[in-house]
>>> print(open('final13.cif').read())   # mmCIF, C-alpha atoms
data_protein
#
loop_
_atom_site.group_PDB
_atom_site.id
_atom_site.type_symbol
_atom_site.label_atom_id
_atom_site.label_comp_id
_atom_site.auth_asym_id
_atom_site.auth_seq_id
_atom_site.Cartn_x
_atom_site.Cartn_y
_atom_site.Cartn_z
ATOM 1 C CA MET A 29 94.917 110.985 81.658
ATOM 2 C CA ARG A 30 95.938 109.622 85.011
ATOM 3 C CA HIS A 31 99.617 109.356 85.862
ATOM 4 C CA LEU A 32 101.286 106.870 88.171
ATOM 5 C CA SER A 33 101.930 109.110 91.137
ATOM 6 C CA VAL A 34 103.122 108.686 94.668
ATOM 7 C CA VAL A 35 102.645 111.713 96.879
ATOM 8 C CA LEU A 36 103.909 112.444 100.317
ATOM 9 C CA GLY A 37 100.712 113.431 102.065
ATOM 10 C CA LEU A 38 99.862 116.386 104.209
ATOM 11 C CA LEU A 39 101.516 116.541 107.605
ATOM 12 C CA LEU A 40 98.652 116.957 110.039
ATOM 13 C CA CYS A 41 99.894 117.864 113.505
ATOM 14 C CA SER A 42 100.813 120.462 116.050
ATOM 15 C CA ALA A 43 104.370 120.349 114.661
ATOM 16 C CA CYS A 44 103.382 121.192 111.109
ATOM 17 C CA VAL A 45 104.322 124.309 109.208
ATOM 18 C CA GLY A 46 101.976 127.121 110.183
ATOM 19 C CA PRO A 47 101.122 130.229 108.186
ATOM 20 C CA GLU A 48 103.840 132.177 110.006
ATOM 21 C CA ASP A 49 106.538 129.593 109.206
ATOM 22 C CA ASN A 50 108.692 129.073 106.133
ATOM 23 C CA PRO A 51 108.430 125.457 104.882
ATOM 24 C CA SER A 52 112.150 125.378 104.055
ATOM 25 C CA ASN A 53 113.092 125.929 107.719
ATOM 26 C CA VAL A 54 113.013 122.668 109.693
ATOM 27 C CA LYS A 55 112.936 123.504 113.390
ATOM 28 C CA ASP A 56 110.622 120.874 114.870
ATOM 29 C CA LEU A 57 109.452 117.288 114.346
ATOM 30 C CA ARG A 58 108.762 116.568 110.665
ATOM 31 C CA VAL A 59 108.404 113.719 108.204
ATOM 32 C CA LEU A 60 110.069 115.220 105.142
ATOM 33 C CA ALA A 61 109.810 112.221 102.822
ATOM 34 C CA ILE A 62 109.038 108.507 102.634
ATOM 35 C CA ARG A 63 110.961 106.321 100.201
ATOM 36 C CA MET A 64 109.802 102.906 98.980
ATOM 37 C CA ASP A 65 112.262 100.360 97.596
ATOM 38 C CA PRO A 66 111.345 99.360 94.984
ATOM 39 C CA PRO A 67 109.399 102.537 94.060
ATOM 40 C CA GLU A 68 106.899 100.488 92.038
ATOM 41 C CA LEU A 69 105.843 96.859 92.397
ATOM 42 C CA PHE A 70 105.437 95.705 88.805
ATOM 43 C CA SER A 71 103.634 92.686 87.380
ATOM 44 C CA ASP A 72 103.891 91.266 83.863
ATOM 45 C CA THR A 73 100.211 90.309 84.205
ATOM 46 C CA CYS A 74 97.402 92.869 84.260
ATOM 47 C CA SER A 75 94.497 91.370 86.182
ATOM 48 C CA THR A 76 91.943 92.258 88.850
ATOM 49 C CA ASP A 77 92.178 88.713 90.234
ATOM 50 C CA PRO A 78 94.247 88.757 93.450
ATOM 51 C CA ALA A 79 95.286 85.143 92.879
ATOM 52 C CA ALA A 80 97.008 86.182 89.641
ATOM 53 C CA LEU A 81 98.837 89.043 91.350
ATOM 54 C CA ILE A 82 99.737 87.495 94.693
ATOM 55 C CA GLY A 83 103.387 87.084 93.678
ATOM 56 C CA THR A 84 103.647 90.849 93.204
ATOM 57 C CA LEU A 85 101.600 91.730 96.291
ATOM 58 C CA VAL A 86 103.773 89.702 98.656
ATOM 59 C CA ARG A 87 107.079 91.037 97.303
ATOM 60 C CA PRO A 88 109.167 92.534 100.148
ATOM 61 C CA VAL A 89 109.353 96.314 100.414
ATOM 62 C CA ARG A 90 111.713 98.588 102.336
ATOM 63 C CA VAL A 91 110.148 101.772 103.722
ATOM 64 C CA THR A 92 112.565 104.562 104.681
ATOM 65 C CA ALA A 93 111.227 107.724 106.323
ATOM 66 C CA LEU A 94 113.215 110.945 106.708
ATOM 67 C CA ILE A 95 112.285 112.243 110.184
ATOM 68 C CA PRO A 96 114.271 115.257 111.404
ATOM 69 C CA ASP A 97 113.724 116.254 115.028
ATOM 70 C CA PRO A 98 116.214 119.102 115.497
ATOM 71 C CA ALA A 99 114.780 120.329 118.793
ATOM 72 C CA GLY A 100 114.263 116.848 120.246
ATOM 73 C CA GLU A 101 117.830 116.427 121.551
ATOM 74 C CA GLY A 102 117.879 112.732 120.643
ATOM 75 C CA ARG A 103 114.590 111.866 122.337
ATOM 76 C CA ASP A 104 112.662 108.662 121.654
ATOM 77 C CA LEU A 105 109.910 108.847 119.039
ATOM 78 C CA ASP A 106 106.940 106.464 118.895
ATOM 79 C CA TYR A 107 105.817 105.401 115.432
ATOM 80 C CA THR A 108 103.134 103.287 113.752
ATOM 81 C CA LEU A 109 102.806 102.418 110.061
ATOM 82 C CA TRP A 110 99.431 101.416 108.579
ATOM 83 C CA ALA A 111 98.201 100.203 105.197
ATOM 84 C CA CYS A 112 94.954 102.026 104.463
ATOM 85 C CA VAL A 113 92.041 101.725 102.031
ATOM 86 C CA ASP A 114 91.022 105.333 101.355
ATOM 87 C CA PRO A 115 93.646 107.652 99.746
ATOM 88 C CA GLY A 116 91.595 110.633 100.935
ATOM 89 C CA ASP A 117 91.956 109.574 104.596
ATOM 90 C CA GLU A 118 95.337 111.169 105.322
ATOM 91 C CA THR A 119 95.384 110.111 108.983
ATOM 92 C CA CYS A 120 94.159 106.566 108.214
ATOM 93 C CA GLN A 121 91.220 106.593 110.639
ATOM 94 C CA GLY A 122 89.087 104.303 108.449
ATOM 95 C CA GLU A 123 89.784 100.756 107.336
ATOM 96 C CA ARG A 124 93.414 99.934 107.966
ATOM 97 C CA VAL A 125 95.943 97.251 108.848
ATOM 98 C CA GLU A 126 98.887 97.876 111.155
ATOM 99 C CA LEU A 127 102.170 96.986 109.457
ATOM 100 C CA ALA A 128 104.743 98.040 112.033
ATOM 101 C CA ARG A 129 105.221 99.954 115.261
ATOM 102 C CA GLY A 130 108.130 100.783 117.505
ATOM 103 C CA ILE A 131 110.453 103.444 118.863
ATOM 104 C CA THR A 132 112.974 105.406 116.825
ATOM 105 C CA LYS A 133 114.939 108.660 116.974
ATOM 106 C CA GLY A 134 115.318 111.595 114.629
ATOM 107 C CA GLY A 135 117.049 110.687 111.362
ATOM 108 C CA GLU A 136 116.135 107.870 108.995
ATOM 109 C CA LEU A 137 113.639 105.206 110.051
ATOM 110 C CA VAL A 138 113.979 101.969 108.036
ATOM 111 C CA ILE A 139 111.166 99.385 108.061
ATOM 112 C CA ASP A 140 111.477 96.129 106.092
ATOM 113 C CA LEU A 141 108.092 94.640 105.206
ATOM 114 C CA SER A 142 108.020 90.996 104.151
ATOM 115 C CA PRO A 143 105.505 90.194 102.788
ATOM 116 C CA GLY A 144 104.818 93.599 101.231
ATOM 117 C CA PRO A 145 101.942 95.970 102.124
ATOM 118 C CA GLY A 146 99.679 94.645 99.338
ATOM 119 C CA ALA A 147 99.478 91.267 101.085
ATOM 120 C CA ALA A 148 98.044 92.805 104.279
ATOM 121 C CA ARG A 149 94.500 91.643 105.040
ATOM 122 C CA LEU A 150 91.592 93.478 106.612
ATOM 123 C CA GLU A 151 89.556 91.951 109.443
ATOM 124 C CA ASP A 152 87.229 90.218 106.968
ATOM 125 C CA GLY A 153 90.191 88.579 105.215
ATOM 126 C CA THR A 154 90.150 90.836 102.158
ATOM 127 C CA LEU A 155 93.511 91.929 100.829
ATOM 128 C CA VAL A 156 94.019 95.670 101.316
ATOM 129 C CA ALA A 157 95.197 95.980 97.687
ATOM 130 C CA GLN A 158 92.058 94.175 96.499
ATOM 131 C CA LYS A 159 89.827 96.607 98.440
ATOM 132 C CA VAL A 160 91.739 99.632 97.101
ATOM 133 C CA LEU A 161 91.360 98.314 93.553
ATOM 134 C CA ALA A 162 87.629 97.640 94.014
ATOM 135 C CA GLU A 163 87.049 101.244 95.138
ATOM 136 C CA ASP A 164 89.232 102.782 92.416
ATOM 137 C CA THR A 165 87.141 104.681 89.860
ATOM 138 C CA TYR A 166 89.566 103.709 87.101
ATOM 139 C CA ARG A 167 89.842 100.047 88.180
ATOM 140 C CA GLY A 168 93.605 100.195 88.247
ATOM 141 C CA LEU A 169 94.174 101.929 84.899
ATOM 142 C CA GLY A 170 97.527 103.690 85.311
ATOM 143 C CA GLY A 171 98.391 101.719 88.441
ATOM 144 C CA VAL A 172 96.921 100.901 91.835
ATOM 145 C CA ARG A 173 97.887 103.374 94.579
ATOM 146 C CA LEU A 174 97.828 101.796 98.022
ATOM 147 C CA PRO A 175 97.959 104.368 100.848
ATOM 148 C CA LEU A 176 100.445 103.947 103.658
ATOM 149 C CA VAL A 177 100.284 106.308 106.633
ATOM 150 C CA LEU A 178 103.116 106.822 109.109
ATOM 151 C CA TRP A 179 102.330 108.318 112.533
ATOM 152 C CA VAL A 180 105.193 109.683 114.627
ATOM 153 C CA ARG A 181 104.983 111.195 118.116
ATOM 154 C CA GLY A 182 107.582 112.885 120.289
ATOM 155 C CA GLY A 183 106.394 114.493 123.516
ATOM 156 C CA ASP A 184 103.378 116.672 122.682
ATOM 157 C CA GLU A 185 104.267 116.768 118.971
ATOM 158 C CA GLN A 186 102.839 114.313 116.473
ATOM 159 C CA VAL A 187 102.772 114.021 112.701
ATOM 160 C CA TYR A 188 100.926 111.933 110.122
ATOM 161 C CA ALA A 189 102.471 111.431 106.689
ATOM 162 C CA GLN A 190 100.869 109.582 103.798
ATOM 163 C CA LYS A 191 102.682 107.723 101.028
ATOM 164 C CA LEU A 192 100.946 106.082 98.073
ATOM 165 C CA MET A 193 102.553 102.767 97.120
ATOM 166 C CA VAL A 194 102.249 102.098 93.382
ATOM 167 C CA TYR A 195 101.432 98.714 91.899
ATOM 168 C CA GLY A 196 101.797 98.684 88.103
ATOM 169 C CA CYS A 197 101.524 96.122 85.322
ATOM 170 C CA ARG A 198 102.740 95.703 81.752
ATOM 171 C CA PHE A 199 99.665 96.984 79.914
ATOM 172 C CA PHE A 200 101.821 97.479 76.795
ATOM 173 C CA PRO A 201 105.018 95.579 75.888
ATOM 174 C CA GLU A 202 107.144 98.737 76.116
ATOM 175 C CA MET A 203 106.140 99.444 79.724
ATOM 176 C CA LYS A 204 108.736 98.804 82.425
ATOM 177 C CA PRO A 205 108.948 99.309 86.199
ATOM 178 C CA ASN A 206 109.951 102.679 87.545
ATOM 179 C CA GLU A 207 113.467 103.271 88.850
ATOM 180 C CA GLN A 208 114.341 105.411 91.863
ATOM 181 C CA PRO A 209 115.423 108.990 91.054
ATOM 182 C CA GLU A 210 118.891 109.646 92.455
ATOM 183 C CA LEU A 211 120.625 113.023 92.309
ATOM 184 C CA PRO A 212 124.246 112.813 91.104
ATOM 185 C CA GLY A 213 125.295 115.537 93.547
ATOM 186 C CA LEU A 214 124.921 119.151 94.663
ATOM 187 C CA LEU A 215 126.806 122.401 94.110
ATOM 188 C CA LEU A 216 127.327 125.082 96.758
ATOM 189 C CA GLU A 217 128.476 128.438 95.398
ATOM 190 C CA GLY A 218 129.266 126.667 92.124
ATOM 191 C CA GLN A 219 131.581 124.074 93.709
ATOM 192 C CA PRO A 220 130.916 120.363 94.386
ATOM 193 C CA TRP A 221 129.299 119.863 97.779
ATOM 194 C CA GLU A 222 130.399 116.460 99.020
ATOM 195 C CA VAL A 223 128.487 114.458 101.592
ATOM 196 C CA GLU A 224 131.558 113.567 103.669
ATOM 197 C CA VAL A 225 132.772 117.143 104.239
ATOM 198 C CA ALA A 226 130.984 119.963 106.067
ATOM 199 C CA ARG A 227 131.611 123.082 103.973
ATOM 200 C CA GLU A 228 132.448 126.318 105.782
ATOM 201 C CA LEU A 229 130.422 129.454 105.059
ATOM 202 C CA SER A 230 130.486 132.890 106.642
ATOM 203 C CA GLY A 231 128.736 136.188 106.143
ATOM 204 C CA PRO A 232 125.155 137.292 105.509
ATOM 205 C CA GLY A 233 124.663 135.461 102.207
ATOM 206 C CA PRO A 234 122.690 134.647 100.184
ATOM 207 C CA PHE A 235 124.483 131.476 99.125
ATOM 208 C CA LYS A 236 123.727 129.713 95.851
ATOM 209 C CA LEU A 237 122.614 126.053 95.887
ATOM 210 C CA GLU A 238 121.935 123.865 92.840
ATOM 211 C CA PRO A 239 121.947 120.211 91.809
ATOM 212 C CA GLN A 240 124.481 118.746 89.445
ATOM 213 C CA ASP A 241 122.936 118.099 86.037
ATOM 214 C CA PHE A 242 120.618 115.091 86.202
ATOM 215 C CA SER A 243 118.709 115.491 82.925
ATOM 216 C CA SER A 244 120.105 112.218 81.558
ATOM 217 C CA ARG A 245 118.535 110.382 84.516
ATOM 218 C CA GLU A 246 114.967 111.536 83.866
ATOM 219 C CA GLU A 247 113.305 108.445 82.401
ATOM 220 C CA PRO A 248 110.937 108.202 79.434
ATOM 221 C CA TYR A 249 107.914 106.059 80.279
ATOM 222 C CA VAL A 250 104.585 104.869 78.907
ATOM 223 C CA VAL A 251 101.087 105.029 80.424
ATOM 224 C CA PRO A 252 97.695 103.961 79.025
ATOM 225 C CA SER A 253 95.238 106.641 77.939
ATOM 226 C CA PHE A 254 91.503 106.423 78.602
ATOM 227 C CA ASP A 255 91.010 104.895 75.141
ATOM 228 C CA LEU A 256 93.676 102.298 76.015
ATOM 229 C CA LYS A 257 96.433 103.567 73.760
ATOM 230 C CA PRO A 258 100.068 104.060 74.817
ATOM 231 C CA VAL A 259 101.081 107.602 75.736
ATOM 232 C CA GLN A 260 104.788 108.474 75.721
ATOM 233 C CA LEU A 261 105.897 110.727 78.610
ATOM 234 C CA GLU A 262 109.134 111.819 80.230
ATOM 235 C CA GLU A 263 109.876 112.528 83.862
ATOM 236 C CA SER A 264 110.392 116.071 85.105
ATOM 237 C CA TRP A 265 111.859 115.797 88.580
ATOM 238 C CA GLU A 266 110.769 118.109 91.384
ATOM 239 C CA LEU A 267 113.115 119.068 94.220
ATOM 240 C CA SER A 268 112.269 120.295 97.728
ATOM 241 C CA TRP A 269 114.975 122.219 99.623
ATOM 242 C CA MET A 270 115.129 122.443 103.437
ATOM 243 C CA SER A 271 117.586 123.361 106.200
ATOM 244 C CA THR A 272 117.723 123.715 109.983
ATOM 245 C CA LEU A 273 118.620 127.421 109.828
ATOM 246 C CA GLY A 274 117.404 130.341 107.725
ATOM 247 C CA THR A 275 115.321 130.046 104.584
ATOM 248 C CA ILE A 276 115.744 128.644 101.088
ATOM 249 C CA SER A 277 114.052 130.343 98.157
ATOM 250 C CA PRO A 278 112.386 128.927 96.200
ATOM 251 C CA ASN A 279 111.590 126.003 98.472
ATOM 252 C CA ASN A 280 110.412 123.813 95.564
ATOM 253 C CA THR A 281 111.919 123.684 92.083
ATOM 254 C CA GLY A 282 111.542 121.734 88.877
ATOM 255 C CA GLY A 283 108.548 120.036 87.331
ATOM 256 C CA ALA A 284 107.089 121.086 84.005
ATOM 257 C CA ASP A 285 106.029 124.697 83.428
ATOM 258 C CA LEU A 286 102.943 125.760 81.471
ATOM 259 C CA GLY A 287 104.897 125.622 78.213
ATOM 260 C CA GLY A 288 105.988 122.055 78.824
ATOM 261 C CA GLY A 289 109.594 122.997 79.632
ATOM 262 C CA GLU A 290 111.373 122.155 82.862
ATOM 263 C CA GLU A 291 111.816 124.857 85.464
ATOM 264 C CA ARG A 292 115.322 125.618 86.724
ATOM 265 C CA HIS A 293 116.649 124.362 90.044
ATOM 266 C CA ASN A 294 118.735 127.348 91.181
ATOM 267 C CA VAL A 295 117.977 128.395 94.766
ATOM 268 C CA GLU A 296 119.450 130.648 97.467
ATOM 269 C CA TRP A 297 119.954 130.015 101.168
ATOM 270 C CA ARG A 298 119.770 133.014 103.518
ATOM 271 C CA PRO A 299 120.801 132.688 107.177
ATOM 272 C CA PRO A 300 118.938 134.933 109.629
ATOM 273 C CA SER A 301 120.593 138.217 110.619
ATOM 274 C CA ASN A 302 120.827 137.140 114.300
ATOM 275 C CA ALA A 303 122.301 133.677 113.604
ATOM 276 C CA GLN A 304 124.980 132.235 115.882
ATOM 277 C CA ALA A 305 127.899 130.090 114.718
ATOM 278 C CA GLN A 306 126.612 126.527 114.251
ATOM 279 C CA GLU A 307 126.455 123.455 112.044
ATOM 280 C CA VAL A 308 123.510 123.588 109.633
ATOM 281 C CA ARG A 309 121.886 120.499 108.136
ATOM 282 C CA PHE A 310 120.416 120.608 104.601
ATOM 283 C CA TRP A 311 118.062 118.158 102.878
ATOM 284 C CA VAL A 312 117.101 118.008 99.208
ATOM 285 C CA VAL A 313 114.216 115.649 98.396
ATOM 286 C CA VAL A 314 113.714 114.592 94.771
ATOM 287 C CA ARG A 315 110.433 113.216 93.361
ATOM 288 C CA ASP A 316 109.998 111.870 89.837
ATOM 289 C CA GLY A 317 106.187 112.266 89.766
ATOM 290 C CA ARG A 318 105.644 108.510 89.317
ATOM 291 C CA GLY A 319 106.296 107.155 92.780
ATOM 292 C CA GLY A 320 110.060 107.415 92.974
ATOM 293 C CA MET A 321 111.591 109.482 95.767
ATOM 294 C CA SER A 322 115.004 109.914 97.379
ATOM 295 C CA TRP A 323 117.023 112.580 99.158
ATOM 296 C CA VAL A 324 120.509 113.817 99.853
ATOM 297 C CA THR A 325 121.821 115.358 103.079
ATOM 298 C CA ARG A 326 124.604 117.911 103.426
ATOM 299 C CA THR A 327 126.068 120.044 106.237
ATOM 300 C CA VAL A 328 127.618 123.471 106.540
ATOM 301 C CA LYS A 329 129.703 124.995 109.344
ATOM 302 C CA TYR A 330 128.306 128.510 109.406
ATOM 303 C CA THR A 331 129.708 131.605 111.092
ATOM 304 C CA PRO A 332 128.051 135.034 110.809
#
>>> encode(input="final13.cif", output="structure tokens")
Amino acid sequence: MRHLSVVLGLLLCSACVGPEDNPSNVKDLRVLAIRMDPPELFSDTCSTDPAALIGTLVRPVRVTALIPDPAGEGRDLDYTLWACVDPGDETCQGERVELARGITKGGELVIDLSPGPGAARLEDGTLVAQKVLAEDTYRGLGGVRLPLVLWVRGGDEQVYAQKLMVYGCRFFPEMKPNEQPELPGLLLEGQPWEVEVARELSGPGPFKLEPQDFSSREEPYVVPSFDLKPVQLEESWELSWMSTLGTISPNNTGGADLGGGEERHNVEWRPPSNAQAQEVRFWVVVRDGRGGMSWVTRTVKYTP
């Protein structure tokens, strides 16, 4: 069975994580996540006729990219966003339509697209969403996934990041559009870690990090099986943990284990032994496995 999934694609660049690096340590230009609001464009009509779906395809979308550039010292970053046809083309070198371009800086890049990406047209006039659907082996069963690729360059560093935009429809009456996963909060050493206050830490660590309980926010949902029957599922959120100093282990937590249970989200942050006193930025990215994605940011004032 095929799930509705939106995946942040591979970062292909000179600034990517190499085999000698730890993925939890953000020290150069990265695209850590791309959020779409709404996370799923949903139609009450299931059809392969673009005319019947145009109201959904043109719906405005907000794209927010998390782009840390800790070594860039506030430099300008060039960016381009494309709608692509082939999900396997992670740098969008094939058929594509440019959606936006400009200059930004490290932090959060917000792009409002009106009309939405599905209304973009190729040179021959074909809707990008229509071409993606035509080349989909499953003809849209479980949702149409339209690839978006963001390119960012700063100096001699550049990154490509792919995001799959989900278009769904009400195949069964009980189906409903996905909602964005939002963490209720984080704990640092067992205490609430608020966004407004930089916590103070000292010593070699390790220091315990964990999310506040979010199990009540994991949604039940329905997808069609290959024999066109409803299948009841429930989200199992996955978290990615990153910081500008030291390492976080494990870097990824959550999701379902082999027994069908959910893995725990307890992690540890270890500063390096030669660290200097500094402010450390942390990011936790949450994915619901269906297209929803968000993140939280926290800071620590660290002294050895």
>>> atom_distance(input="final13.cif", atom1="CA of Glu296 (chain A)", atom2="CA of Gly319 (chain A)")
27.3 Å
>>> residues_around(input="final13.cif", residues="region 266-281 of chain A", least_positions_apart="2", cutoff="7 Å", atoms="all atoms listed in the file", output="PyMOL selection string")
chain A and resi 50+52-55+264+283+291-293+295-300+308-316
>>> residues_around(input="final13.cif", residues="Gln304 (chain A)", least_positions_apart="6", cutoff="9 Å", atoms="all atoms listed in the file", output="PyMOL selection string")
chain A and resi 330-332
>>> write_last_selection(input="final13.cif", atoms="C-alpha atoms", output="compact mmCIF listing (two decimals), in the frame of the given file")
# COMPACT_ATOMS: atom_id res chain seq x y z
CA TYR A 330 128.31 128.51 109.41
CA THR A 331 129.71 131.60 111.09
CA PRO A 332 128.05 135.03 110.81
>>> resolve_selection(input="final13.cif", expression="the PyMOL selection byres ((chain A and resi 117) around 12)", output="list of chain:residue names")
A:Gly37, A:Leu38, A:Leu40, A:Trp110, A:Ala111, A:Cys112, A:Val113, A:Asp114, A:Pro115, A:Gly116, A:Glu118, A:Thr119, A:Cys120, A:Gln121, A:Gly122, A:Glu123, A:Arg124, A:Leu174, A:Pro175, A:Leu176, A:Val177, A:Tyr188, A:Ala189, A:Gln190, A:Lys191, A:Leu192
>>> residues_near_point(input="final13.cif", point="(110.5, 106.6, 97.4)", cutoff="8 Å", atoms="only C-alpha atoms", output="VMD selection string")
chain A and resid 61 to 67 91 to 92 208 315 319 to 322
>>> resolve_selection(input="final13.cif", expression="the PyMOL selection byres ((chain A and resi 136) around 12)", output="JSON, numbers by chain")
{"A": [58, 59, 60, 61, 62, 63, 91, 92, 93, 94, 95, 96, 97, 105, 132, 133, 134, 135, 137, 138, 139, 322, 323, 324, 325]}
>>> write_last_selection(input="final13.cif", atoms="C-alpha atoms", output="short mmCIF file (atom, residue, chain, number, x, y, z; two decimals), in the frame of the given file")
data_model
loop_
_atom_site.label_atom_id
_atom_site.label_comp_id
_atom_site.auth_asym_id
_atom_site.auth_seq_id
_atom_site.Cartn_x
_atom_site.Cartn_y
_atom_site.Cartn_z
CA ARG A 58 108.76 116.57 110.66
CA VAL A 59 108.40 113.72 108.20
CA LEU A 60 110.07 115.22 105.14
CA ALA A 61 109.81 112.22 102.82
CA ILE A 62 109.04 108.51 102.63
CA ARG A 63 110.96 106.32 100.20
CA VAL A 91 110.15 101.77 103.72
CA THR A 92 112.56 104.56 104.68
CA ALA A 93 111.23 107.72 106.32
CA LEU A 94 113.22 110.94 106.71
CA ILE A 95 112.28 112.24 110.18
CA PRO A 96 114.27 115.26 111.40
CA ASP A 97 113.72 116.25 115.03
CA LEU A 105 109.91 108.85 119.04
CA THR A 132 112.97 105.41 116.82
CA LYS A 133 114.94 108.66 116.97
CA GLY A 134 115.32 111.60 114.63
CA GLY A 135 117.05 110.69 111.36
CA LEU A 137 113.64 105.21 110.05
CA VAL A 138 113.98 101.97 108.04
CA ILE A 139 111.17 99.38 108.06
CA SER A 322 115.00 109.91 97.38
CA TRP A 323 117.02 112.58 99.16
CA VAL A 324 120.51 113.82 99.85
CA THR A 325 121.82 115.36 103.08
#
>>> closest_residue(input="final13.cif", among="A:Pro88, A:Gly102, A:Gly83, A:Gly130", to="Pro143 (chain A)", atoms="only C-alpha atoms")
A:Pro88
>>> residues_around(input="final13.cif", residues="Leu57 (chain A)", least_positions_apart="4", cutoff="8 Å", atoms="all atoms listed in the file", output="PyMOL selection string")
chain A and resi 43-44+95-100+182+185-187
>>> closest_residue(input="final13.cif", among="A:Asp164, A:Glu217, A:Glu247, A:Glu126", to="Leu229 (chain A)", atoms="only C-alpha atoms")
A:Glu217
>>> atom_distance(input="final13.cif", atom1="CA of Gly171 (chain A)", atom2="CA of Gly153 (chain A)")
22.8 Å
>>> resolve_selection(input="final13.cif", expression="the PyMOL selection byres ((chain A and resi 160-162) around 8)", output="PyMOL selection string")
chain A and resi 76+113-114+156-159+163-164+167-168+172-174
>>> atom_distance(input="final13.cif", atom1="CA of Phe200 (chain A)", atom2="CA of Val259 (chain A)")
10.2 Å
>>> residues_near_point(input="final13.cif", point="(100.8, 93.1, 74.4)", cutoff="12 Å", atoms="only C-alpha atoms", output="ChimeraX atom specification")
/A:72-74,197-203,256-258
>>> closest_residue(input="final13.cif", among="A:Leu169, A:Leu155, A:Asp104, A:Pro145", to="Asp77 (chain A)", atoms="all atoms listed in the file")
A:Leu155
>>> residues_around(input="final13.cif", residues="Pro239 (chain A)", least_positions_apart="5", cutoff="9 Å", atoms="all atoms listed in the file", output="PyMOL selection string")
chain A and resi 211-216+293-294
>>> closest_residue(input="final13.cif", among="A:Ala128, A:Leu178, A:Val328, A:Leu109", to="Ala305 (chain A)", atoms="all atoms listed in the file")
A:Val328
>>> closest_residue(input="final13.cif", among="A:Asp184, A:Tyr107, A:Leu85, A:Gly196", to="Arg149 (chain A)", atoms="only C-alpha atoms")
A:Leu85
>>> residues_around(input="final13.cif", residues="Arg87 (chain A)", least_positions_apart="4", cutoff="9 Å", atoms="only C-alpha atoms", output="PDB file with C-alpha atoms, keeping the file's coordinate frame")
ATOM      1  CA  LEU A  69     105.843  96.859  92.397  1.00  0.00           C
ATOM      2  CA  ILE A  82      99.737  87.495  94.693  1.00  0.00           C
ATOM      3  CA  GLY A  83     103.387  87.084  93.678  1.00  0.00           C
ATOM      4  CA  LEU A 141     108.092  94.640 105.206  1.00  0.00           C
ATOM      5  CA  SER A 142     108.020  90.996 104.151  1.00  0.00           C
ATOM      6  CA  PRO A 143     105.505  90.194 102.788  1.00  0.00           C
ATOM      7  CA  GLY A 144     104.818  93.599 101.231  1.00  0.00           C
ATOM      8  CA  PRO A 145     101.942  95.970 102.124  1.00  0.00           C
ATOM      9  CA  GLY A 146      99.679  94.645  99.338  1.00  0.00           C
ATOM     10  CA  ALA A 147      99.478  91.267 101.085  1.00  0.00           C
TER      11      ALA A 147
END
>>> build_atoms(input="final13.cif", residues="region 100-108 of chain A", atoms="N, CA, C and O atoms", output="short mmCIF file (atom, residue, chain, number, x, y, z; two decimals), in the frame of the given file")
data_model
loop_
_atom_site.label_atom_id
_atom_site.label_comp_id
_atom_site.auth_asym_id
_atom_site.auth_seq_id
_atom_site.Cartn_x
_atom_site.Cartn_y
_atom_site.Cartn_z
N GLY A 100 114.58 117.96 119.36
CA GLY A 100 114.26 116.85 120.25
C GLY A 100 115.41 116.37 121.09
O GLY A 100 115.21 115.58 122.03
N GLU A 101 116.64 116.79 120.77
CA GLU A 101 117.83 116.43 121.55
C GLU A 101 117.97 114.92 121.71
O GLU A 101 118.29 114.40 122.79
N GLY A 102 117.70 114.18 120.63
CA GLY A 102 117.88 112.73 120.64
C GLY A 102 116.82 111.95 121.37
O GLY A 102 117.02 110.78 121.72
N ARG A 103 115.66 112.54 121.60
CA ARG A 103 114.59 111.87 122.34
C ARG A 103 114.04 110.67 121.56
O ARG A 103 114.20 110.55 120.35
N ASP A 104 113.35 109.78 122.28
CA ASP A 104 112.66 108.66 121.65
C ASP A 104 111.39 109.14 120.96
O ASP A 104 110.69 110.04 121.46
N LEU A 105 111.11 108.54 119.81
CA LEU A 105 109.91 108.85 119.04
C LEU A 105 109.11 107.56 118.85
O LEU A 105 109.66 106.54 118.40
N ASP A 106 107.84 107.59 119.18
CA ASP A 106 106.94 106.46 118.90
C ASP A 106 106.47 106.55 117.45
O ASP A 106 106.20 107.65 116.94
N TYR A 107 106.34 105.39 116.80
CA TYR A 107 105.82 105.40 115.43
C TYR A 107 104.92 104.19 115.19
O TYR A 107 105.07 103.14 115.81
N THR A 108 103.98 104.37 114.25
CA THR A 108 103.13 103.29 113.75
C THR A 108 102.95 103.49 112.26
O THR A 108 102.76 104.62 111.80
#
